[in-house]
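Shown here: protein-v2.tsv, TSV, C-alpha atoms.
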```
chain	number	residue	atom	x	y	z
A	1	MET	CA	20.74	14.98	-0.18
A	2	GLU	CA	18.49	17.81	0.83
A	3	THR	CA	17.89	18.56	4.49
A	4	SER	CA	14.36	17.60	5.41
A	5	PHE	CA	12.13	18.07	8.38
A	6	MET	CA	10.97	15.60	10.96
A	7	MET	CA	7.53	14.03	10.86
A	8	LEU	CA	5.61	12.83	13.91
A	9	THR	CA	4.06	9.40	13.35
A	10	TYR	CA	0.98	7.82	14.92
A	11	THR	CA	3.14	5.86	17.41
A	12	GLY	CA	4.89	9.06	18.50
A	13	GLN	CA	8.16	8.62	16.63
A	14	LEU	CA	9.93	11.55	15.04
A	15	VAL	CA	11.22	10.38	11.66
A	16	ASP	CA	12.80	12.06	8.68
A	17	PRO	CA	10.77	10.71	5.73
A	18	LEU	CA	13.46	11.81	3.26
A	19	ASN	CA	16.08	9.81	5.14
A	20	LEU	CA	13.97	6.94	6.46
A	21	SER	CA	15.83	3.93	7.76
A	22	PRO	CA	14.35	0.49	8.45
A	23	ASP	CA	14.65	1.22	12.19
A	24	ASP	CA	12.25	4.17	11.77
A	25	ILE	CA	9.50	1.98	10.32
A	26	ASP	CA	6.67	0.68	12.49
A	27	ILE	CA	3.85	-1.48	11.12
A	28	GLU	CA	1.41	0.28	13.47
A	29	ASP	CA	2.23	3.61	11.79
A	30	ILE	CA	1.79	2.10	8.36
A	31	ALA	CA	-1.53	0.41	9.13
A	32	HIS	CA	-2.99	3.47	10.83
A	33	SER	CA	-1.93	5.94	8.15
A	34	LEU	CA	-3.00	3.78	5.20
A	35	ALA	CA	-6.38	3.04	6.82
A	36	LEU	CA	-7.06	6.79	6.95
A	37	GLN	CA	-5.94	7.64	3.38
A	38	ASN	CA	-8.58	7.50	0.67
A	39	ARG	CA	-7.73	6.18	-2.76
A	40	TYR	CA	-8.65	8.00	-5.98
A	41	GLY	CA	-8.40	11.39	-4.29
A	42	GLY	CA	-11.57	10.55	-2.35
A	43	HIS	CA	-13.72	10.53	-5.52
A	44	THR	CA	-15.53	7.35	-4.55
A	45	LEU	CA	-19.03	6.45	-3.36
A	46	TRP	CA	-17.67	5.85	0.14
A	47	PRO	CA	-14.26	6.17	1.78
A	48	TYR	CA	-11.98	3.49	0.35
A	49	SER	CA	-8.53	3.40	1.87
A	50	VAL	CA	-5.07	2.51	0.66
A	51	ALA	CA	-5.01	-0.14	3.43
A	52	GLN	CA	-8.18	-1.85	2.18
A	53	HIS	CA	-6.84	-1.78	-1.39
A	54	SER	CA	-3.58	-3.37	-0.20
A	55	ILE	CA	-5.40	-6.11	1.74
A	56	LEU	CA	-7.63	-7.00	-1.20
A	57	LEU	CA	-4.64	-7.06	-3.52
A	58	ALA	CA	-2.67	-9.31	-1.13
A	59	ARG	CA	-5.61	-11.72	-1.09
A	60	ALA	CA	-5.87	-11.74	-4.91
A	61	VAL	CA	-2.24	-12.33	-5.93
A	62	PRO	CA	-0.34	-15.62	-5.89
A	63	LYS	CA	0.71	-16.47	-2.32
A	64	SER	CA	4.38	-15.88	-3.18
A	65	LEU	CA	3.54	-12.19	-3.82
A	66	ALA	CA	1.13	-11.61	-0.91
A	67	ARG	CA	3.70	-9.90	1.34
A	68	ALA	CA	4.82	-7.54	-1.41
A	69	ALA	CA	1.20	-6.82	-2.35
A	70	LEU	CA	0.24	-5.96	1.23
A	71	MET	CA	3.22	-3.62	1.52
A	72	HIS	CA	3.36	-2.26	-2.07
A	73	ASP	CA	1.89	1.13	-1.08
A	74	ALA	CA	3.33	1.24	2.45
A	75	SER	CA	5.57	4.17	1.50
A	76	GLU	CA	2.41	6.28	1.32
A	77	ALA	CA	2.24	6.15	5.12
A	78	TYR	CA	5.26	8.48	5.03
A	79	CYS	CA	4.70	10.43	1.79
A	80	SER	CA	0.90	10.19	1.21
A	81	ASP	CA	-1.06	8.88	-1.74
A	82	LEU	CA	-1.55	11.03	-4.82
A	83	PRO	CA	-4.00	10.32	-7.63
A	84	HIS	CA	-2.23	8.49	-10.47
A	85	PRO	CA	-2.30	11.36	-13.03
A	86	ILE	CA	-0.65	13.70	-10.53
A	87	LYS	CA	1.86	11.13	-9.28
A	88	LYS	CA	3.01	10.43	-12.85
A	89	ASN	CA	3.48	14.15	-13.54
A	90	VAL	CA	5.46	15.01	-10.42
A	91	PRO	CA	8.91	13.58	-11.17
A	92	GLN	CA	10.19	14.38	-7.69
A	93	TYR	CA	7.58	12.10	-6.13
A	94	ASN	CA	9.40	8.93	-7.29
A	95	SER	CA	12.70	10.21	-5.91
A	96	ILE	CA	10.96	10.47	-2.52
A	97	GLU	CA	8.72	7.39	-2.66
A	98	ILE	CA	11.22	4.81	-3.94
A	99	PRO	CA	13.80	5.22	-1.11
A	100	ILE	CA	10.98	4.98	1.45
A	101	GLN	CA	9.56	1.87	-0.20
A	102	THR	CA	13.05	0.39	-0.43
A	103	ALA	CA	13.58	0.89	3.32
A	104	ILE	CA	10.22	-0.78	4.04
A	105	PHE	CA	11.00	-3.77	1.81
A	106	ALA	CA	14.43	-4.07	3.48
A	107	LYS	CA	12.86	-3.98	6.95
A	108	TYR	CA	10.49	-6.82	6.11
A	109	ASN	CA	12.83	-8.82	3.83
A	110	ILE	CA	10.66	-8.48	0.74
A	111	PRO	CA	12.52	-8.97	-2.55
A	112	TRP	CA	12.40	-5.75	-4.58
A	113	ASP	CA	11.69	-7.64	-7.82
A	114	HIS	CA	8.30	-8.62	-6.36
A	115	MET	CA	7.29	-4.97	-6.68
A	116	GLU	CA	7.35	-5.26	-10.48
A	117	GLU	CA	5.36	-8.50	-10.41
A	118	VAL	CA	2.73	-6.93	-8.14
A	119	SER	CA	2.33	-3.99	-10.56
A	120	TYR	CA	0.37	-6.12	-13.04
A	121	TYR	CA	-2.16	-7.12	-10.36
A	122	ASP	CA	-2.26	-3.57	-8.99
A	123	ARG	CA	-3.39	-2.23	-12.37
A	124	ALA	CA	-6.00	-4.99	-12.73
A	125	ILE	CA	-7.50	-4.42	-9.27
A	126	CYS	CA	-8.03	-0.75	-10.09
A	127	LEU	CA	-10.64	-1.74	-12.68
A	128	ASP	CA	-12.52	-3.80	-10.08
A	129	GLU	CA	-12.34	-0.91	-7.62
A	130	MET	CA	-13.38	1.80	-10.05
A	131	SER	CA	-16.32	-0.20	-11.41
A	132	GLN	CA	-17.69	-0.54	-7.88
A	133	LEU	CA	-16.64	2.77	-6.33
A	134	MET	CA	-17.26	5.27	-9.12
A	135	PRO	CA	-20.83	5.39	-10.36
A	136	ASP	CA	-20.17	7.15	-13.66
A	137	ILE	CA	-17.25	5.08	-14.93
A	138	ASP	CA	-17.56	3.83	-18.49
A	139	GLN	CA	-18.46	0.16	-17.91
A	140	GLU	CA	-17.37	-0.71	-21.46
A	141	LEU	CA	-13.83	0.41	-20.60
A	142	VAL	CA	-13.87	-1.80	-17.52
A	143	LYS	CA	-15.19	-4.81	-19.47
A	144	THR	CA	-12.39	-4.66	-22.05
A	145	HIS	CA	-9.50	-4.83	-19.59
A	146	LYS	CA	-8.23	-7.59	-17.29
A	147	ARG	CA	-9.78	-7.56	-13.83
A	148	LEU	CA	-9.09	-9.58	-10.68
A	149	GLY	CA	-12.73	-10.09	-9.72
A	150	ILE	CA	-12.50	-8.70	-6.19
A	151	MET	CA	-15.50	-7.28	-4.37
A	152	VAL	CA	-15.21	-3.99	-2.49
A	153	LYS	CA	-17.39	-3.19	0.50
A	154	ALA	CA	-17.68	-0.18	2.74
A	155	MET	CA	-15.77	-0.58	6.00
A	156	SER	CA	-14.81	1.69	8.85
A	157	TRP	CA	-11.20	2.82	8.93
A	158	GLN	CA	-10.84	1.16	12.35
A	159	ASP	CA	-11.91	-2.23	10.97
A	160	VAL	CA	-9.61	-1.81	7.98
A	161	GLU	CA	-6.67	-0.92	10.23
A	162	GLU	CA	-7.28	-4.02	12.35
A	163	TRP	CA	-7.67	-6.20	9.24
A	164	TYR	CA	-4.41	-4.82	7.80
A	165	LEU	CA	-2.52	-5.64	11.00
A	166	ASP	CA	-4.09	-9.10	11.21
A	167	MET	CA	-3.05	-9.83	7.64
A	168	PHE	CA	0.44	-8.48	8.28
A	169	TYR	CA	0.95	-10.76	11.29
A	170	GLU	CA	-0.48	-13.69	9.35
A	171	LEU	CA	1.96	-13.14	6.47
A	172	PHE	CA	5.05	-12.13	8.43
A	173	ASP	CA	6.53	-14.21	11.21
A	174	GLU	CA	7.43	-11.56	13.78
A	175	THR	CA	9.46	-14.03	15.83
A	176	MET	CA	12.10	-14.02	13.09
A	177	PRO	CA	14.84	-11.42	13.60
A	178	ALA	CA	14.85	-8.58	11.06
A	179	PHE	CA	17.70	-8.04	8.62
A	180	LEU	CA	18.65	-11.68	8.13
A	181	GLY	CA	19.87	-10.69	4.71
A	182	GLU	CA	17.76	-13.40	3.10
A	183	SER	CA	14.33	-13.20	1.58
A	184	ILE	CA	11.60	-14.87	3.60
A	185	ALA	CA	9.26	-14.87	0.60
```
structure tokens encoding of this file:
Amino acid sequence: METSFMMLTYTGQLVDPLNLSPDDIDIEDIAHSLALQNRYGGHTLWPYSVAQHSILLARAVPKSLARAALMHDASEAYCSDLPHPIKKNVPQYNSIEIPIQTAIFAKYNIPWDHMEEVSYYDRAICLDEMSQLMPDIDQELVKTHKRLGIMVKAMSWQDVEEWYLDMFYELFDETMPAFLGESIA
């Protein structure tokens, strides 16, 4: 494993994102960072964050997948979002993102196999998002593919951050001790 450098998070923690452990992860850091990161490289009519995308996805999937959907992009709080064409052409990105996402899923007792199930819905929600956020998208392309039917609205990053945390606390029982070794989903 390569030596990496420390990163200062919103809550003031120094963490090594290339060697992240569940103890390093704080939902406040995740919510804040994702609320400030724009999806689609910022090429949208208004700022649309990773946090808002995750909330809308969590609301659209079957309840059994809601926790995984809310947290499916949480790794981006520690390694940032990249537009899909770039992410798929930077092979090293997966070797960084997957261990971070694995640590996050371990921290919150989310079964890893839910990640694959959420992927289907994640692709479908992109069509809803793009049709509303990108004025020049080919609407025929959007019509021919499966969509979730979500509505996107402009929101402040502060409201999105608060909404993300509210949804997190609604979905996850914080009174339960972490690392029970069993899935709570």
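Taking atom CA of A:Asp128 as the reference point, atom CA of A:Ile27 is found at 26.9 Å.
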Nearby residues (all atoms listed in the file) at most 6 Å from stretch 46-54 of chain A, same-chain spacing under 4 positions excluded, as a PyMOL selection string: chain A and resi 34-35+37-39+70+160
Contacts of A:Met151 within 8 Å, only C-alpha atoms, excl. fewer than 2 positions in-chain, as a CSV table (one decimal) with C-alpha atoms, in the frame of the given file:
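The new file part_32.csv reads:
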```
chain,number,residue,atom,x,y,z
A,128,ASP,CA,-12.5,-3.8,-10.1
A,129,GLU,CA,-12.3,-0.9,-7.6
A,132,GLN,CA,-17.7,-0.5,-7.9
A,149,GLY,CA,-12.7,-10.1,-9.7
A,153,LYS,CA,-17.4,-3.2,0.5
```
Write out as CSV a residue-level contact list of stretch 95-161 of chain A versus stretch 166-169 of chain A with cut-off 12 Å: for each qualifying residue the closest pair of atoms and the distance in Å to one decimal, counting only C-alpha atoms, rows sorted by chain and residue number upward.
```
residue,atom,partner,partner_atom,distance
A:Tyr108,CA,A:Phe168,CA,10.4
A:Asp159,CA,A:Asp166,CA,10.4
A:Val160,CA,A:Asp166,CA,9.7
A:Glu161,CA,A:Asp166,CA,8.6
```
Straight-line distance linking atom CA of A:Gly41 with atom CA of A:Asp24, stated in Å to one decimal: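 That distance, rounded to one decimal, is 27.1 Å.
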Computed interatomic separation between atom CA of A:Leu133 and atom CA of A:Val152 (Å):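 Atom-to-atom, atom CA of A:Leu133 and atom CA of A:Val152 are spaced 7.9 Å apart.
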Distance criterion (all atoms listed in the file): nearest to A:Phe105 out of A:Pro83, A:Gly42, A:Pro62, A:Pro22: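 Nearest to A:Phe105: A:Pro22.
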Best match for closeness to A:Met71 among A:Leu171, A:Thr44, A:Phe5, A:Pro99, counting all atoms listed in the file: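 Smallest separation from A:Met71 among the options: A:Leu171.
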Shell of 10 Å around stretch 64-68 of chain A, all atoms listed in the file, local chain residues under 5 positions omitted, as a ChimeraX atom specification: /A:54-59,73-74,105,108-118,167-168,170-172,184-185
Residues within 12 Å of (-9.2, 1.8, 15.7), file coords, only C-alpha atoms, listed as a PyMOL selection string: chain A and resi 10+28+31-33+35-36+155-165
